[in-house]
Every structure is written in structure tokens, then in C-alpha cells.
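Below is one structure, written out as C-alpha cells, with a few remarks after it.
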There are 2 protein chains.
Amino acid sequence: MDGVHIGYVMIEENDNKPSQRRNYRHGDLRRALLEAGIALARNGGPEAVVLREATRQAGVVPNAAYRHFANRDDLLRAVRAHALSQVAIAMETELDKLSPTLPPLAYAQGCVRAVGTGYLHYAHAEPGLFKTAFFFHEGVEADADPAKAGNSGLNPFQLLSQALERLAAAGGLPPERRLGAEYLAWSAVHGLALLISEGPLQGVPEGMRQALGQRLLDMVEKGL
Amino acid sequence: MDGVHIGYVMIEENDNKPSQRRNYRHGDLRRALLEAGIALARNGGPEAVVLREATRQAGVVPNAAYRHFANRDDLLRAVRAHALSQVAIAMETELDKLSPTLPPLAYAQGCVRAVGTGYLHYAHAEPGLFKTAFFFHEGVEADADPAKAGNSGLNPFQLLSQALERLAAAGGLPPERRLGAEYLAWSAVHGLALLISEGPLQGVPEGMRQALGQRLLDMVEKGL
DNA sequence: ACAAAATGTGTACGCCGTCCACATACAATA
DNA sequence: TATTGTATGTGGACGGCGTACACATTTTGT
């Protein structure tokens, strides 16, 4: 029953995602292409997401992609949105570990650290997607697109903003230093994330990596 | 006398770099290709340095490049080396502004700031080359290649190390925090450099950019 | 003067993104 | 239910890229 030759699109088994299809219509090509793109980005980073390969994995002719994405860049942006949302989720995972019974200042500081830790963790766990997420550094600040957000509905930048807001409210960040604090914190964490995910700190052992991350967050906390 | 048609390589004027040549042999192709590559990287970043375009600018057939560079990547690495050396020079320029009559601790702190300032300045002034310089984050730490160094013979990472060493010697950095300090400082400054050169801080006005840079360096100084 | 080594040329291959015309399936309507 | 329009996939083609192989030309070392 599998591998039957029907019409001129032969290959088949189940008409869904895994391998092939029997119909002229794919049924869920956009999703299939996106997932292929994500897989490509996952191991190989943004430059590895190549349109033709995605269509190959979806079992479809190259041009079919243009019914769902304007061009390669459009596909890449969709992959990026997914990666951003994953970063947000990684942050939220760390945030959820915090005990809400902490005193406000400690809690707020914990939030900032959690955001940073999630970021660093994701960069290490998924370097390809991480790189894709921040390939275009294109305004995520005021972007309400839920495709780029985590479960809270906030994207990574917004989660950082929220944490800093809380910190300011708890008195952990003097008002005159509140403006632009996002960019200082982001700079520091992003820089280390790059060194870890694609830089000279790639092979570094777990313990050392954690320690560096915490020292960096200390620095941010102290110096923000 | 110019534009003469000689043999089968017609175009001519002066047989040197600017435009074309009359000889079968180019004479200085490697340099010409490298300079073309640098120009391409300058406006367009690493992905803009395309082998065929470089050969076009050098007035030579594509394959000629392979007599001087193993492949496109090899050319890109040469461009990167040049960019790194420019970064080092930008740092040295800032270092030279320091008055050596300062007390040791202030001088050492000034050195660290100068290194960071030079880095940030270059990232803003030459975003394409800056991006190329750190496209491969590939061990520059123990690289004695003079092509990647500035006038002092030290590359950017080594200049940072030197500054931190001085800071530690002057008592501005406790010994237990000396190890890995390079990566913390580098992270912070590199992150901001990215946001400025290709990120959401691109269009930001001069004053704001300077201020952010100094605040970031404050943070590093305080929190290292 | 001549052979060997260095350097540039010509031609070709496979891969990529993308355009255009055409085929097929599905859905709304008559 | 038959028809027609629209969404979606196919086929073929183009130009650009990196690069391999064989060949031509110049320079250099004997």
C-alpha cells in the first residue's frame, strides 16, 4: 500500500508531514516548509536555510514555495519569528523557577537574572536557531506579533523590559539610569551569548560557562 | 594613448591598480583582489565579498583568483585579517590619547576604556568591515599573525588583555576576578557594538550613542 | 636557449533564487 | 449537479555563484 504510483506524483505513505504525499495538493505546505526551514536553521544557522532544500524536504517542486512565501527572505523571517518565540519561552522557563514569595527587590533582581540566564541557555542549546533569531536585528521592541512571543505573549525584548521595570519599581535601579537600561543589559548578555554559541567560548566546559554567565549577570546587576 | 587595444586584453591606461592592464600578467593580482574584497566588505559585510565580483573589479577572469586564494573563504579570511588590524588600530588611536602622566590606576582604567571606545567607534564607523572582522569568531587569542595586528603588533584581543593586565597590576581588578575578565569585557562591548553597527541602535544620534557607550564602560569598570 | 614553474584563460558543472506559462484540484455559484 | 474562478503545484528557463580541469602565456632558473 505504500510507495504506490498514482497519477504523476508517485511517492506516498501517509498524506501528511513526515515523508511524502499522494495528492497534487500538499495540504499543509506552508507549515511543512517552515518546519523544514527551522530544521535547516537548527543545524547550520540562517545561511543554511535554503529554499530549494526546504521544498525538497517537503517533497515539492522549488517554485511551490512561492505560493506561501514571497521569497527566501520571507521564509527566513518566519523561521526567525519561531526562534524568537523559543528564546522567549526559554526566558519564561527560568522566570517560572523563581519563588514569588521573595521580597520584591530580590524577586526583581531574580527576574533580570532569569531573563539573562534563559537567553544564555538557549544560545548554548540551540546555536543555529539563536543565530537565526538575531540575524536581522530588526526592531523587536515594539512588535506585537505573537509568532515572536512566548507563552506570556511577550517577546524576548519585552520580557527584558518587564524585568527592568520591576527592578526599577523595587528600587533596584535608580530612575536616571532606567532609560536605555535594556540596551546595556542586552548588550552584555548578547555578547556573551555570541561568544558561547558561535565564538571562542564554544567548547568551554559546562561549569566554566555557567560561572561566566553568572559573573556577567553580577556585572550587569552591579553596574546597571 | 589611453584605451588602446593591444593583444586581446584591450582596456588600458596605466598598467596598475586603478582600472585595467595591458599585460597578460596582472602583476599584483593578490593585492588587487584583496582590496576589492575589502571594498565589498566595507559596504555589504562579509556576505557581500563575492569572488567573481572581486575578479571583475581586478579586470581578470574568475578563475585567476584561485592562483592567489584557495577559495572564496580564503579571500574572506584575508579581508577579515585586514579588518581586525583596523580594529586594533582604532583601539591604539584611543590609547594614544591617554596622558601617561596619570596615576597608575587611572591610567589603567583609561586603557580599558580606550580599548572599548576604539572598538565601539570602529563598529560605528565601518559596520561592514566590523561585521567581517568578527564573522568567524575564531581564536584570535593566541594568534601572532601581524596581518591581524595594529601598529603595536597586538591584535584587538591582545590589546584588551594588555589593558586588563595593567588594570590588575594597578589594583583595579582583584586577582580572583582576573581570569576570564577578557570575555566579560569583550561580551559587553561586543554586544553594544553589534546593536550599534547592525542592530536597533543603528540610527541613534551621536550623543546618545556616546552616552550609552560610556555607561556601558562604567558598568564594565564597576562590575568586572 | 630552453625547460620548468607561475600565472591567467576558456569551458563546463552543479547549485542557488526567481520568473513565466501551464496544469490540476478545490469551492462557490448557478 | 455542472461550471467557472481561484488557489496551489509543476515544468522549464535564466542568470549568478563557487569551483574543477585543461590549456595558453609569460617569467624564471639553468
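Residues in the C-alpha cells are named by chain (A, B, ... in the order shown) and by number from 1 within that chain; ligands are numbered from 1 in the order shown.
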
Review point. Can you tell me, as a ChimeraX atom specification, what residues are no more than 6 Å from range 187-189 of chain A when counting only C-alpha atoms (C1' of nucleotides), ignoring any on the same chain fewer than 3 positions away?
Key: /A:183-184,192 /B:187-188,191-192

With C-alpha atoms retained, export the selected residues as a PDB file, in the first residue's frame.
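In the end it all went to result_22.pdb:
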```pdb
ATOM      1  CA  TYR A 183      20.299  48.084  25.731  1.00  0.00           C
ATOM      2  CA  LEU A 184      23.043  47.863  28.308  1.00  0.00           C
ATOM      3  CA  LEU A 192      28.407  36.566  25.885  1.00  0.00           C
TER       4      LEU A 192
ATOM      5  CA  SER B 187      30.975  40.422  25.739  1.00  0.00           C
ATOM      6  CA  ALA B 188      29.618  43.709  26.933  1.00  0.00           C
ATOM      7  CA  GLY B 191      27.159  43.282  22.258  1.00  0.00           C
ATOM      8  CA  LEU B 192      26.758  47.014  22.187  1.00  0.00           C
TER       9      LEU B 192
END
```

Exercise for review: Excluding DT28 in chain D and residues on its chain fewer than 6 positions from it, collect all residues at most 12 Å away from it, counting only C-alpha atoms (C1' of nucleotides), and give them as a PyMOL selection string.
Suggested key: chain C and resi 2-6

Check your understanding: Quick one: residues within 9 Å of range 8-16 of chain D, only C-alpha atoms (C1' of nucleotides) counted, chain neighbours fewer than 3 positions away excluded, as a PyMOL selection string?
Key -> (chain A and resi 24-26+60-61+63-64+67) or (chain C and resi 16+18-20+22-25)

Exercise for review: From a DSSP calculation on the backbone, collect every residue of range 12-211 of chain A in helix (DSSP H, G or I) and output the set as a PyMOL selection string.
Suggested key: chain A and resi 29-42+46-48+51-58+62-67+72-96+104-125+127-133+146-148+156-169+175-177+181-197+206-211

Residues of chain A that approach chain B to 9 Å or less, counting only C-alpha atoms: could you list each one with the shortest pair of atoms and its distance in Å to one decimal, rows by chain and increasing residue number, as CSV?
```
residue,atom,partner,partner_atom,distance
A:Phe134,CA,B:Gly199,CA,8.9
A:Phe136,CA,B:Gly199,CA,7.6
A:His137,CA,B:Gly199,CA,4.5
A:Glu138,CA,B:Pro200,CA,6.0
A:Gly139,CA,B:Pro200,CA,5.8
A:Val140,CA,B:Pro200,CA,8.5
A:Glu141,CA,B:Pro200,CA,8.7
A:Gly180,CA,B:Leu212,CA,7.5
A:Tyr183,CA,B:Leu192,CA,7.4
A:Leu184,CA,B:Leu216,CA,6.1
A:Ala185,CA,B:Ala188,CA,8.4
A:Trp186,CA,B:Gly191,CA,7.4
A:Ser187,CA,B:Gly191,CA,4.0
A:Ala188,CA,B:Ala188,CA,3.7
A:Val189,CA,B:Ala188,CA,7.1
A:His190,CA,B:Gly191,CA,5.5
A:Gly191,CA,B:Ser187,CA,4.0
A:Leu192,CA,B:Ser187,CA,4.6
A:Ala193,CA,B:Ser187,CA,8.0
A:Leu194,CA,B:Ser187,CA,8.0
A:Leu195,CA,B:Ser187,CA,7.2
A:Glu198,CA,B:His137,CA,6.6
A:Gly199,CA,B:His137,CA,4.5
A:Pro200,CA,B:Gly139,CA,5.8
A:Leu201,CA,B:Tyr183,CA,8.6
A:Leu212,CA,B:Leu184,CA,7.5
A:Gly213,CA,B:Leu184,CA,8.8
A:Arg215,CA,B:Leu184,CA,7.9
A:Leu216,CA,B:Leu184,CA,6.1
A:Asp218,CA,B:Gly223,CA,7.0
A:Met219,CA,B:Gly223,CA,4.1
A:Val220,CA,B:Met219,CA,6.8
A:Glu221,CA,B:Gly223,CA,8.1
A:Lys222,CA,B:Gly223,CA,5.7
A:Gly223,CA,B:Met219,CA,4.1
A:Leu224,CA,B:Met219,CA,6.0
```

N, CA, C and O atoms of the current selection, written as a compact mmCIF listing (two decimals), in the first residue's frame:
```txt
# COMPACT_ATOMS: atom_id res chain seq x y z
N PHE A 134 18.63 36.35 15.81
CA PHE A 134 19.20 37.69 15.86
C PHE A 134 20.05 38.00 14.65
O PHE A 134 21.01 38.74 14.71
N PHE A 136 18.77 39.23 11.51
CA PHE A 136 18.34 40.61 11.35
C PHE A 136 18.16 41.14 12.76
O PHE A 136 17.38 40.58 13.51
N HIS A 137 18.81 42.21 13.11
CA HIS A 137 18.49 42.86 14.37
C HIS A 137 17.49 43.92 14.01
O HIS A 137 17.83 45.08 13.86
N GLU A 138 16.30 43.52 13.89
CA GLU A 138 15.31 44.41 13.33
C GLU A 138 14.25 44.59 14.38
O GLU A 138 13.72 43.63 14.92
N GLY A 139 13.99 45.81 14.67
CA GLY A 139 13.06 46.22 15.71
C GLY A 139 12.13 45.14 16.22
O GLY A 139 11.12 44.83 15.59
N VAL A 140 12.45 44.60 17.37
CA VAL A 140 11.52 43.69 18.03
C VAL A 140 10.88 44.44 19.20
O VAL A 140 9.95 43.96 19.82
N GLU A 141 11.39 45.62 19.45
CA GLU A 141 10.98 46.37 20.63
C GLU A 141 9.47 46.55 20.68
O GLU A 141 8.82 46.25 21.67
N GLY A 180 17.29 53.34 28.65
CA GLY A 180 18.39 52.70 27.92
C GLY A 180 18.95 51.49 28.61
O GLY A 180 19.83 50.81 28.06
N TYR A 183 19.23 48.29 26.71
CA TYR A 183 20.30 48.08 25.73
C TYR A 183 21.61 47.71 26.39
O TYR A 183 22.41 46.97 25.83
N LEU A 184 21.82 48.24 27.61
CA LEU A 184 23.04 47.86 28.31
C LEU A 184 23.00 46.39 28.71
O LEU A 184 23.95 45.63 28.48
N ALA A 185 21.88 46.00 29.31
CA ALA A 185 21.77 44.60 29.73
C ALA A 185 21.82 43.67 28.53
O ALA A 185 22.53 42.66 28.52
N TRP A 186 21.07 44.05 27.50
CA TRP A 186 21.02 43.21 26.30
C TRP A 186 22.41 43.08 25.68
O TRP A 186 22.84 41.98 25.31
N SER A 187 23.12 44.21 25.61
CA SER A 187 24.47 44.17 25.05
C SER A 187 25.32 43.12 25.74
O SER A 187 25.92 42.26 25.11
N ALA A 188 25.36 43.22 27.05
CA ALA A 188 26.25 42.35 27.80
C ALA A 188 25.87 40.88 27.59
O ALA A 188 26.71 40.05 27.22
N VAL A 189 24.61 40.59 27.76
CA VAL A 189 24.18 39.20 27.65
C VAL A 189 24.32 38.69 26.21
O VAL A 189 24.77 37.58 25.98
N HIS A 190 23.94 39.53 25.27
CA HIS A 190 24.03 39.12 23.87
C HIS A 190 25.47 38.84 23.47
O HIS A 190 25.77 37.86 22.79
N GLY A 191 26.36 39.69 23.91
CA GLY A 191 27.76 39.48 23.59
C GLY A 191 28.25 38.14 24.09
O GLY A 191 28.86 37.37 23.34
N LEU A 192 27.96 37.85 25.34
CA LEU A 192 28.41 36.57 25.89
C LEU A 192 27.72 35.40 25.17
O LEU A 192 28.35 34.38 24.88
N ALA A 193 26.46 35.58 24.86
CA ALA A 193 25.74 34.53 24.14
C ALA A 193 26.42 34.20 22.82
O ALA A 193 26.54 33.04 22.44
N LEU A 194 26.88 35.23 22.15
CA LEU A 194 27.57 35.01 20.88
C LEU A 194 28.88 34.27 21.09
O LEU A 194 29.20 33.33 20.36
N LEU A 195 29.64 34.71 22.06
CA LEU A 195 30.92 34.04 22.31
C LEU A 195 30.69 32.58 22.64
O LEU A 195 31.50 31.71 22.28
N GLU A 198 28.75 30.77 19.13
CA GLU A 198 29.50 30.65 17.88
C GLU A 198 30.90 31.21 17.98
O GLU A 198 31.58 31.34 17.00
N GLY A 199 31.28 31.58 19.19
CA GLY A 199 32.56 32.22 19.34
C GLY A 199 33.59 31.34 20.01
O GLY A 199 33.44 30.12 20.05
N PRO A 200 34.61 31.94 20.54
CA PRO A 200 35.74 31.19 21.11
C PRO A 200 35.38 30.46 22.41
O PRO A 200 36.17 29.67 22.89
N LEU A 201 34.18 30.72 22.93
CA LEU A 201 33.79 30.05 24.17
C LEU A 201 32.92 28.83 23.88
O LEU A 201 32.27 28.29 24.79
N LEU A 212 30.84 31.93 34.11
CA LEU A 212 30.98 33.17 33.34
C LEU A 212 29.64 33.88 33.22
O LEU A 212 29.54 35.10 33.37
N GLY A 213 28.62 33.09 32.94
CA GLY A 213 27.29 33.67 32.83
C GLY A 213 26.88 34.38 34.11
O GLY A 213 26.38 35.51 34.06
N ARG A 215 28.83 35.52 36.48
CA ARG A 215 29.67 36.71 36.69
C ARG A 215 29.22 37.86 35.83
O ARG A 215 29.22 39.03 36.24
N LEU A 216 28.83 37.53 34.60
CA LEU A 216 28.34 38.58 33.72
C LEU A 216 27.07 39.21 34.28
O LEU A 216 26.89 40.43 34.27
N ASP A 218 26.22 39.27 37.38
CA ASP A 218 26.65 40.08 38.53
C ASP A 218 27.04 41.47 38.05
O ASP A 218 26.64 42.48 38.63
N MET A 219 27.83 41.47 37.01
CA MET A 219 28.32 42.74 36.48
C MET A 219 27.15 43.63 36.07
O MET A 219 27.12 44.82 36.39
N VAL A 220 26.21 43.04 35.39
CA VAL A 220 25.04 43.81 34.97
C VAL A 220 24.28 44.34 36.18
O VAL A 220 23.92 45.51 36.25
N GLU A 221 24.08 43.47 37.15
CA GLU A 221 23.31 43.86 38.32
C GLU A 221 24.00 45.01 39.06
O GLU A 221 23.37 45.97 39.48
N LYS A 222 25.30 44.86 39.18
CA LYS A 222 26.06 45.87 39.92
C LYS A 222 26.15 47.18 39.13
O LYS A 222 26.08 48.26 39.70
N GLY A 223 26.32 47.04 37.84
CA GLY A 223 26.73 48.21 37.09
C GLY A 223 25.63 48.89 36.29
O GLY A 223 25.86 49.91 35.65
N LEU A 224 24.44 48.32 36.36
CA LEU A 224 23.39 48.86 35.51
C LEU A 224 23.03 50.27 35.97
O LEU A 224 22.68 51.12 35.21
```

Exercise for review: For Asp73 in chain A, please output as a VMD selection string all residues within 12 Å (counting only C-alpha atoms (C1' of nucleotides); exclusion window: fewer than 2 positions along the same chain).
Suggested key: (chain A and resid 37 46 to 47 49 to 51 65 to 66 69 to 71 75 to 80 132 135 to 136) or (chain C and resid 17)

Please write the residues from the selection above to a file, keeping C-alpha atoms (C1' of nucleotides), as a compact mmCIF listing (two decimals), in the first residue's frame.
```
# COMPACT_ATOMS: atom_id res chain seq x y z
CA GLY A 37 13.39 25.80 7.39
CA PRO A 46 20.47 31.32 8.91
CA GLU A 47 22.61 30.81 5.83
CA VAL A 49 18.03 27.77 5.26
CA VAL A 50 17.86 27.41 1.53
CA LEU A 51 14.57 27.50 -0.24
CA ALA A 65 7.32 27.66 -2.10
CA TYR A 66 6.41 30.94 -3.74
CA PHE A 69 6.47 32.80 0.95
CA ALA A 70 7.32 35.85 -1.10
CA ASN A 71 10.93 34.72 -1.37
CA LEU A 75 10.80 32.15 4.76
CA LEU A 76 13.84 33.09 6.78
CA ARG A 77 11.81 35.70 8.64
CA ALA A 78 9.22 33.12 9.54
CA VAL A 79 11.94 30.86 10.89
CA ARG A 80 13.33 33.79 12.81
CA THR A 132 18.86 32.99 13.20
CA PHE A 135 20.36 37.64 12.29
CA PHE A 136 18.34 40.61 11.35
C1' DG C 17 16.96 32.16 -6.15
```

How close does chain D get to chain B? List, as a tab-separated table, each residue of chain D within 9 Å, its nearest atom pair and the distance in Å to one decimal, counting only C-alpha atoms (C1' of nucleotides).
```
residue	atom	partner	partner_atom	distance
D:DC17	C1'	B:Arg52	CA	7.8
D:DG18	C1'	B:Arg72	CA	7.5
D:DT19	C1'	B:Asn71	CA	8.1
D:DT25	C1'	B:Tyr24	CA	7.2
D:DT26	C1'	B:Arg25	CA	7.1
```

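A straight line drawn from CA of Tyr107 in chain A to CA of Pro175 in chain A is 18.4 Å long.
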
Determine, using only C-alpha atoms (C1' of nucleotides), which residues of chain C have any atom at most 12 Å from an atom of chain B, and tabulate each with its shortest atom pair and distance in Å to one decimal place, rows ordered by chain and then rising number, as JSON lines.
```
{"residue": "C:DA6", "atom": "C1'", "partner": "B:Arg67", "partner_atom": "CA", "distance": 8.8}
{"residue": "C:DT7", "atom": "C1'", "partner": "B:Arg25", "partner_atom": "CA", "distance": 6.8}
{"residue": "C:DG8", "atom": "C1'", "partner": "B:Ala64", "partner_atom": "CA", "distance": 5.7}
{"residue": "C:DT9", "atom": "C1'", "partner": "B:Val61", "partner_atom": "CA", "distance": 7.0}
{"residue": "C:DG10", "atom": "C1'", "partner": "B:Val61", "partner_atom": "CA", "distance": 9.5}
{"residue": "C:DT11", "atom": "C1'", "partner": "B:Asn63", "partner_atom": "CA", "distance": 11.4}
```

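Our summary of the geometry notes that CA of Ala168 in chain B is positioned 22.5 Å from CA of Arg209 in chain A.
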
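What separates CA of Arg30 in chain A from CA of Gln57 in chain A is a distance of 12.3 Å.
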
Practice item. Determine, counting only C-alpha atoms (C1' of nucleotides), which protein, DNA and RNA residues have an atom within 10 Å of an atom of DA30 in chain C; residues of the same chain fewer than 5 positions away are not included. Present the result as a PyMOL selection string. Key: chain D and resi 2-4
